[in-house]
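Engineer: This is the structure I want to talk about, given as structure tokens.
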Amino acid sequence: MPVKSYRPLTPSTRYITVASFDEITKDHPERSLISIRKKSGGRNHFGRVTARGIGRGHKQFYRIVDFKRNKHGIEADVAAIEYDPLRTSRLALLQYKDGEKRYILAPVGLQVGAKIVSGPAAPPELGNCLPLKTIPVGLPIHNIEITPGRGGQMVRSAGGAATLMSRDEGYATIRLPSGEIRRVHESCYATIGQVGNIEHENIVLGKAGRSRHRGIRPINRGVSRNPVDHPNGGGAGKSKSGGGWQQLTSPWGLLAKGYRTRNKRKHSNRFILVRRDGRPMKQR
């Protein structure tokens, strides 16, 4: 998917880049696979703002995506490649032989008319969903389950691909796009291929209005506020990084830099072999 840019006739078009949408074959969603997405504006059920910088934006429908791929042994045809406003990846509309339709994440190279099947007996081909114990070592995979039967939870964003490195003692070793290496039970399912729309990382919004279309409102920096409004506010002059004794925090005092938020005793720590920064995980 190439990225399209514009001649700098206006300040906003000088830097703006948009997707070309060449791979899209259908311009409206399947009515039976969408639901209304109600927007909260960052407010909880008391009406209080709990997530700042959220509000308005264009109306969007939520596409119901099949992450479980539990329709085993039934072949499906790829009917269309569609756009999803709530995801970075594209969606593929599957038409099964029994008439049912489902959405899946569209991998790179998947074309309309292709045949797709899931299950332990499925061949390891593009778009097919198989348990890790039947996938050949070295293939790129995405939409990976963490718990058997729960559905894919890892590697679902545009351009993402993990690598199946090895299998041993009922577990598969997987290298994730972040660089983390972890063990996943070999009965968990994964989909063959790399998630599509790999040029998404090259898109530049270019103007504030495109953020507002997405429901993202502007937020002032803490150091530019008054002391009554933020712990980093105030001072006789400009302080770019806090400076001196001051540490950058959230409005409620939580450290913003260098503070590890992962629980040291988290249950899944024992499945992580190498952290995403390249250091081996300390096992307790």
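Ordered as shown in the structure tokens, chains take letters A, B, and onward, while each chain numbers its residues from 1 and ligands are numbered from 1 in the order shown.
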I want to know what sits within 8 Å of Ser89 (chain A), based on only C-alpha atoms, with residues of the same chain fewer than 2 positions away left out; could you give that as a PDB file with C-alpha atoms, in the first residue's frame?
Structural biologist:
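As a result, result33.pdb now contains:
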```
ATOM      1  CA  TYR A  83     -11.134  -0.538   5.730  1.00  0.00           C
ATOM      2  CA  ASP A  84     -11.579  -0.457   9.506  1.00  0.00           C
ATOM      3  CA  ARG A  87      -7.714  -0.436  13.513  1.00  0.00           C
ATOM      4  CA  LEU A  91     -10.017  -6.527   7.309  1.00  0.00           C
ATOM      5  CA  LEU A 105      -7.298  -9.406   9.932  1.00  0.00           C
ATOM      6  CA  ALA A 106      -6.026  -9.227   6.349  1.00  0.00           C
ATOM      7  CA  ARG A 156      -2.634  -7.660  15.610  1.00  0.00           C
ATOM      8  CA  SER A 157      -1.510  -4.183  14.467  1.00  0.00           C
ATOM      9  CA  ALA A 158      -0.507  -3.153  10.943  1.00  0.00           C
ATOM     10  CA  GLY A 159       2.752  -4.667   9.706  1.00  0.00           C
ATOM     11  CA  VAL A 195      -0.511  -8.267   9.161  1.00  0.00           C
ATOM     12  CA  GLY A 196      -1.258  -6.057   6.167  1.00  0.00           C
ATOM     13  CA  ASN A 197      -1.121  -2.288   5.671  1.00  0.00           C
TER      14      ASN A 197
END
```
Engineer: With a cut-off of 10 Å, could you pull out the residues of region 47-70 of chain A touching region 129-137 of chain A and give me the nearest pair of atoms for each, distance in Å to one decimal, using only C-alpha atoms, ordered by chain and ascending number, as a tab-separated table?
Structural biologist:
```
residue	atom	partner	partner_atom	distance
A:Phe67	CA	A:Cys129	CA	10.0
A:Lys68	CA	A:Cys129	CA	9.2
A:Arg69	CA	A:Cys129	CA	6.8
A:Asn70	CA	A:Cys129	CA	9.0
```
Engineer: Enumerate, as JSON, numbers by chain, the complete set of residues in region 71-221 of chain A that a backbone-based DSSP assignment places in alpha helix (DSSP H).
Structural biologist: {"A": [208, 209, 210, 211, 212, 213]}
Engineer: Go ahead and compute the interatomic distance for CA of Val108 (chain A) and CA of Ile174 (chain A), in Å to one decimal.
Structural biologist: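 Result for CA of Val108 (chain A) versus CA of Ile174 (chain A): 19.9 Å, one decimal.
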Engineer: Go ahead and compute the interatomic distance for CA of Asp22 (chain A) and CA of Ile64 (chain A), in Å to one decimal.
Structural biologist: 23.0 Å
Engineer: Kindly give the distance, in Å, that separates CA of Gly47 (chain A) and CA of Gly234 (chain A), rounded to a single decimal.
Structural biologist: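 Going from CA of Gly47 (chain A) over to CA of Gly234 (chain A) covers 29.7 Å.
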Engineer: Rank nothing, just name the residue among A:Gly152, A:Pro231, A:Gly278, A:Gly41 nearest to Gly53 (chain A), using only C-alpha atoms.
Structural biologist: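 Looking only at the distances to Gly53 (chain A), the closest residue turns out to be A:Gly41.
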Engineer: Which residues are near region 56-59 of chain A? Cut-off 7 Å, only C-alpha atoms, ignore same chain within fewer than 2 positions. Put them as a VMD selection string.
Structural biologist: chain A and resid 41 212 to 215
Engineer: Give me the residues near Leu93 (chain A) as a ChimeraX atom specification, where near means some atom within 10 Å (using only C-alpha atoms) and where sequence neighbours in that chain fewer than 5 positions away do not count.
Structural biologist: /A:26,29-30,33,65,76-82,101-106,112
Engineer: Would you output that residue set with C-alpha atoms, as a compact mmCIF listing (two decimals), in the first residue's frame?
Structural biologist:
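Resulting contents of selection_39.txt:
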```txt
# COMPACT_ATOMS: atom_id res chain seq x y z
CA LYS A 26 -15.55 -2.70 -0.75
CA PRO A 29 -19.12 -2.65 5.94
CA GLU A 30 -21.16 -5.83 6.20
CA LEU A 33 -20.99 -7.69 11.38
CA VAL A 65 -13.63 -9.44 14.06
CA ALA A 76 -14.04 -19.90 3.14
CA ASP A 77 -13.58 -17.54 0.20
CA VAL A 78 -12.16 -14.04 0.62
CA ALA A 79 -15.07 -11.88 -0.56
CA ALA A 80 -13.55 -8.41 0.02
CA ILE A 81 -10.76 -6.38 1.62
CA GLU A 82 -12.21 -3.58 3.75
CA LYS A 101 -19.68 -14.33 6.95
CA ARG A 102 -16.85 -13.28 9.25
CA TYR A 103 -14.16 -10.63 9.42
CA ILE A 104 -10.48 -11.48 9.97
CA LEU A 105 -7.30 -9.41 9.93
CA ALA A 106 -6.03 -9.23 6.35
CA VAL A 112 -10.02 -11.52 -3.15
```
Engineer: Could you check which of A:Asn226, A:Ser178, A:Ser118, A:Gln153 is closest to Ile192 (chain A), using only C-alpha atoms?
Structural biologist: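 Closest residue, counting only C-alpha atoms: A:Ser118.
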Engineer: Under the rule that only C-alpha atoms are counted, which of A:Val3, A:Phe61, A:Arg262, A:Gly222 is the nearest residue to Ser35 (chain A)?
Structural biologist: A:Phe61
Engineer: Nearest to Gly73 (chain A): which of A:Tyr259, A:Phe271, A:Phe21, A:Tyr96 is it, counting only C-alpha atoms?
Structural biologist: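 Looking at the shortest contact to Gly73 (chain A), the residue is A:Tyr96.
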Engineer: Just the strand (DSSP E or B) stuff from region 23-250 of chain A, please, per backbone DSSP, written as a PyMOL selection string.
Structural biologist: chain A and resi 34-36+43+49+54+61-63+65+72+76-82+91-96+101-105+107+115-116+118+129-131+140-142+144-145+152-154+162-168+171-175+181-185+189-192+195+216+249
Engineer: How about saving the chosen residues, C-alpha atoms kept, as a PDB file, in the first residue's frame?
Structural biologist:
```pdb
ATOM      1  CA  ILE A  34     -21.091  -4.146  12.802  1.00  0.00           C
ATOM      2  CA  SER A  35     -22.274  -2.643  16.065  1.00  0.00           C
ATOM      3  CA  ILE A  36     -22.718   0.903  17.305  1.00  0.00           C
ATOM      4  CA  ARG A  43     -15.954  10.088  31.197  1.00  0.00           C
ATOM      5  CA  VAL A  49     -13.403  12.789  33.207  1.00  0.00           C
ATOM      6  CA  ILE A  54     -10.733  12.443  24.423  1.00  0.00           C
ATOM      7  CA  PHE A  61     -19.010   1.568  13.630  1.00  0.00           C
ATOM      8  CA  TYR A  62     -17.254  -1.286  15.384  1.00  0.00           C
ATOM      9  CA  ARG A  63     -16.490  -4.250  13.114  1.00  0.00           C
ATOM     10  CA  VAL A  65     -13.632  -9.441  14.058  1.00  0.00           C
ATOM     11  CA  HIS A  72     -12.558 -25.527  11.850  1.00  0.00           C
ATOM     12  CA  ALA A  76     -14.037 -19.899   3.136  1.00  0.00           C
ATOM     13  CA  ASP A  77     -13.575 -17.538   0.197  1.00  0.00           C
ATOM     14  CA  VAL A  78     -12.162 -14.041   0.623  1.00  0.00           C
ATOM     15  CA  ALA A  79     -15.067 -11.876  -0.557  1.00  0.00           C
ATOM     16  CA  ALA A  80     -13.547  -8.408   0.019  1.00  0.00           C
ATOM     17  CA  ILE A  81     -10.760  -6.384   1.624  1.00  0.00           C
ATOM     18  CA  GLU A  82     -12.213  -3.580   3.746  1.00  0.00           C
ATOM     19  CA  LEU A  91     -10.017  -6.527   7.309  1.00  0.00           C
ATOM     20  CA  ALA A  92     -10.803  -9.454   5.031  1.00  0.00           C
ATOM     21  CA  LEU A  93     -14.451 -10.505   4.678  1.00  0.00           C
ATOM     22  CA  LEU A  94     -14.764 -14.295   4.567  1.00  0.00           C
ATOM     23  CA  GLN A  95     -17.705 -16.100   2.964  1.00  0.00           C
ATOM     24  CA  TYR A  96     -17.968 -19.672   4.296  1.00  0.00           C
ATOM     25  CA  LYS A 101     -19.681 -14.332   6.949  1.00  0.00           C
ATOM     26  CA  ARG A 102     -16.854 -13.282   9.253  1.00  0.00           C
ATOM     27  CA  TYR A 103     -14.161 -10.630   9.421  1.00  0.00           C
ATOM     28  CA  ILE A 104     -10.484 -11.481   9.970  1.00  0.00           C
ATOM     29  CA  LEU A 105      -7.298  -9.406   9.932  1.00  0.00           C
ATOM     30  CA  PRO A 107      -2.402 -10.407   6.007  1.00  0.00           C
ATOM     31  CA  LYS A 115      -9.344 -19.941  -0.139  1.00  0.00           C
ATOM     32  CA  ILE A 116      -8.853 -19.919   3.656  1.00  0.00           C
ATOM     33  CA  SER A 118      -8.640 -23.013   9.954  1.00  0.00           C
ATOM     34  CA  CYS A 129      -5.155 -20.500  11.275  1.00  0.00           C
ATOM     35  CA  LEU A 130      -3.403 -23.461  12.911  1.00  0.00           C
ATOM     36  CA  PRO A 131      -2.217 -24.539  16.364  1.00  0.00           C
ATOM     37  CA  PRO A 140       5.885 -15.438  10.188  1.00  0.00           C
ATOM     38  CA  ILE A 141       2.670 -15.527  12.232  1.00  0.00           C
ATOM     39  CA  HIS A 142       0.192 -13.089  13.758  1.00  0.00           C
ATOM     40  CA  ILE A 144      -1.485 -15.343  18.414  1.00  0.00           C
ATOM     41  CA  GLU A 145      -3.416 -16.756  21.356  1.00  0.00           C
ATOM     42  CA  GLY A 152      -5.730 -14.081  19.305  1.00  0.00           C
ATOM     43  CA  GLN A 153      -4.407 -11.304  21.549  1.00  0.00           C
ATOM     44  CA  MET A 154      -0.846 -10.684  20.347  1.00  0.00           C
ATOM     45  CA  ALA A 162       6.109 -12.756  14.997  1.00  0.00           C
ATOM     46  CA  THR A 163       8.457 -15.656  14.255  1.00  0.00           C
ATOM     47  CA  LEU A 164       8.056 -19.207  15.495  1.00  0.00           C
ATOM     48  CA  MET A 165      11.566 -20.095  16.653  1.00  0.00           C
ATOM     49  CA  SER A 166      11.302 -23.560  18.218  1.00  0.00           C
ATOM     50  CA  ARG A 167       9.143 -26.036  20.131  1.00  0.00           C
ATOM     51  CA  ASP A 168      10.029 -27.931  23.285  1.00  0.00           C
ATOM     52  CA  TYR A 171       5.600 -24.969  24.459  1.00  0.00           C
ATOM     53  CA  ALA A 172       6.529 -22.912  21.410  1.00  0.00           C
ATOM     54  CA  THR A 173       9.164 -20.177  21.575  1.00  0.00           C
ATOM     55  CA  ILE A 174       8.103 -17.026  19.715  1.00  0.00           C
ATOM     56  CA  ARG A 175       9.955 -13.815  18.900  1.00  0.00           C
ATOM     57  CA  ILE A 181      11.030 -13.790  23.236  1.00  0.00           C
ATOM     58  CA  ARG A 182       8.425 -15.752  25.127  1.00  0.00           C
ATOM     59  CA  ARG A 183       6.962 -19.227  25.441  1.00  0.00           C
ATOM     60  CA  VAL A 184       3.364 -19.973  24.406  1.00  0.00           C
ATOM     61  CA  HIS A 185       1.553 -23.286  24.799  1.00  0.00           C
ATOM     62  CA  TYR A 189      -3.695 -20.966  17.577  1.00  0.00           C
ATOM     63  CA  ALA A 190      -1.963 -18.448  15.302  1.00  0.00           C
ATOM     64  CA  THR A 191      -2.500 -17.209  11.750  1.00  0.00           C
ATOM     65  CA  ILE A 192       0.096 -17.565   9.003  1.00  0.00           C
ATOM     66  CA  VAL A 195      -0.511  -8.267   9.161  1.00  0.00           C
ATOM     67  CA  ILE A 216      -8.045  13.214  20.071  1.00  0.00           C
ATOM     68  CA  THR A 249       5.069  13.094  36.703  1.00  0.00           C
TER      69      THR A 249
END
```
Engineer: I want to know what sits within 12 Å of region 265-269 of chain A, based on only C-alpha atoms, with residues of the same chain fewer than 5 positions away left out; could you give that as an NGL selection string?
Structural biologist: :A and (146-147 or 180-184 or 274-275 or 280-284)
Engineer: Select, from A:Gln246, A:Lys207, A:Lys257, A:Pro177, the residue with the minimum atom-to-atom distance to Arg14 (chain A), counting only C-alpha atoms.
Structural biologist: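 Once distances to Arg14 (chain A) are computed over only C-alpha atoms, the minimum belongs to A:Lys207.
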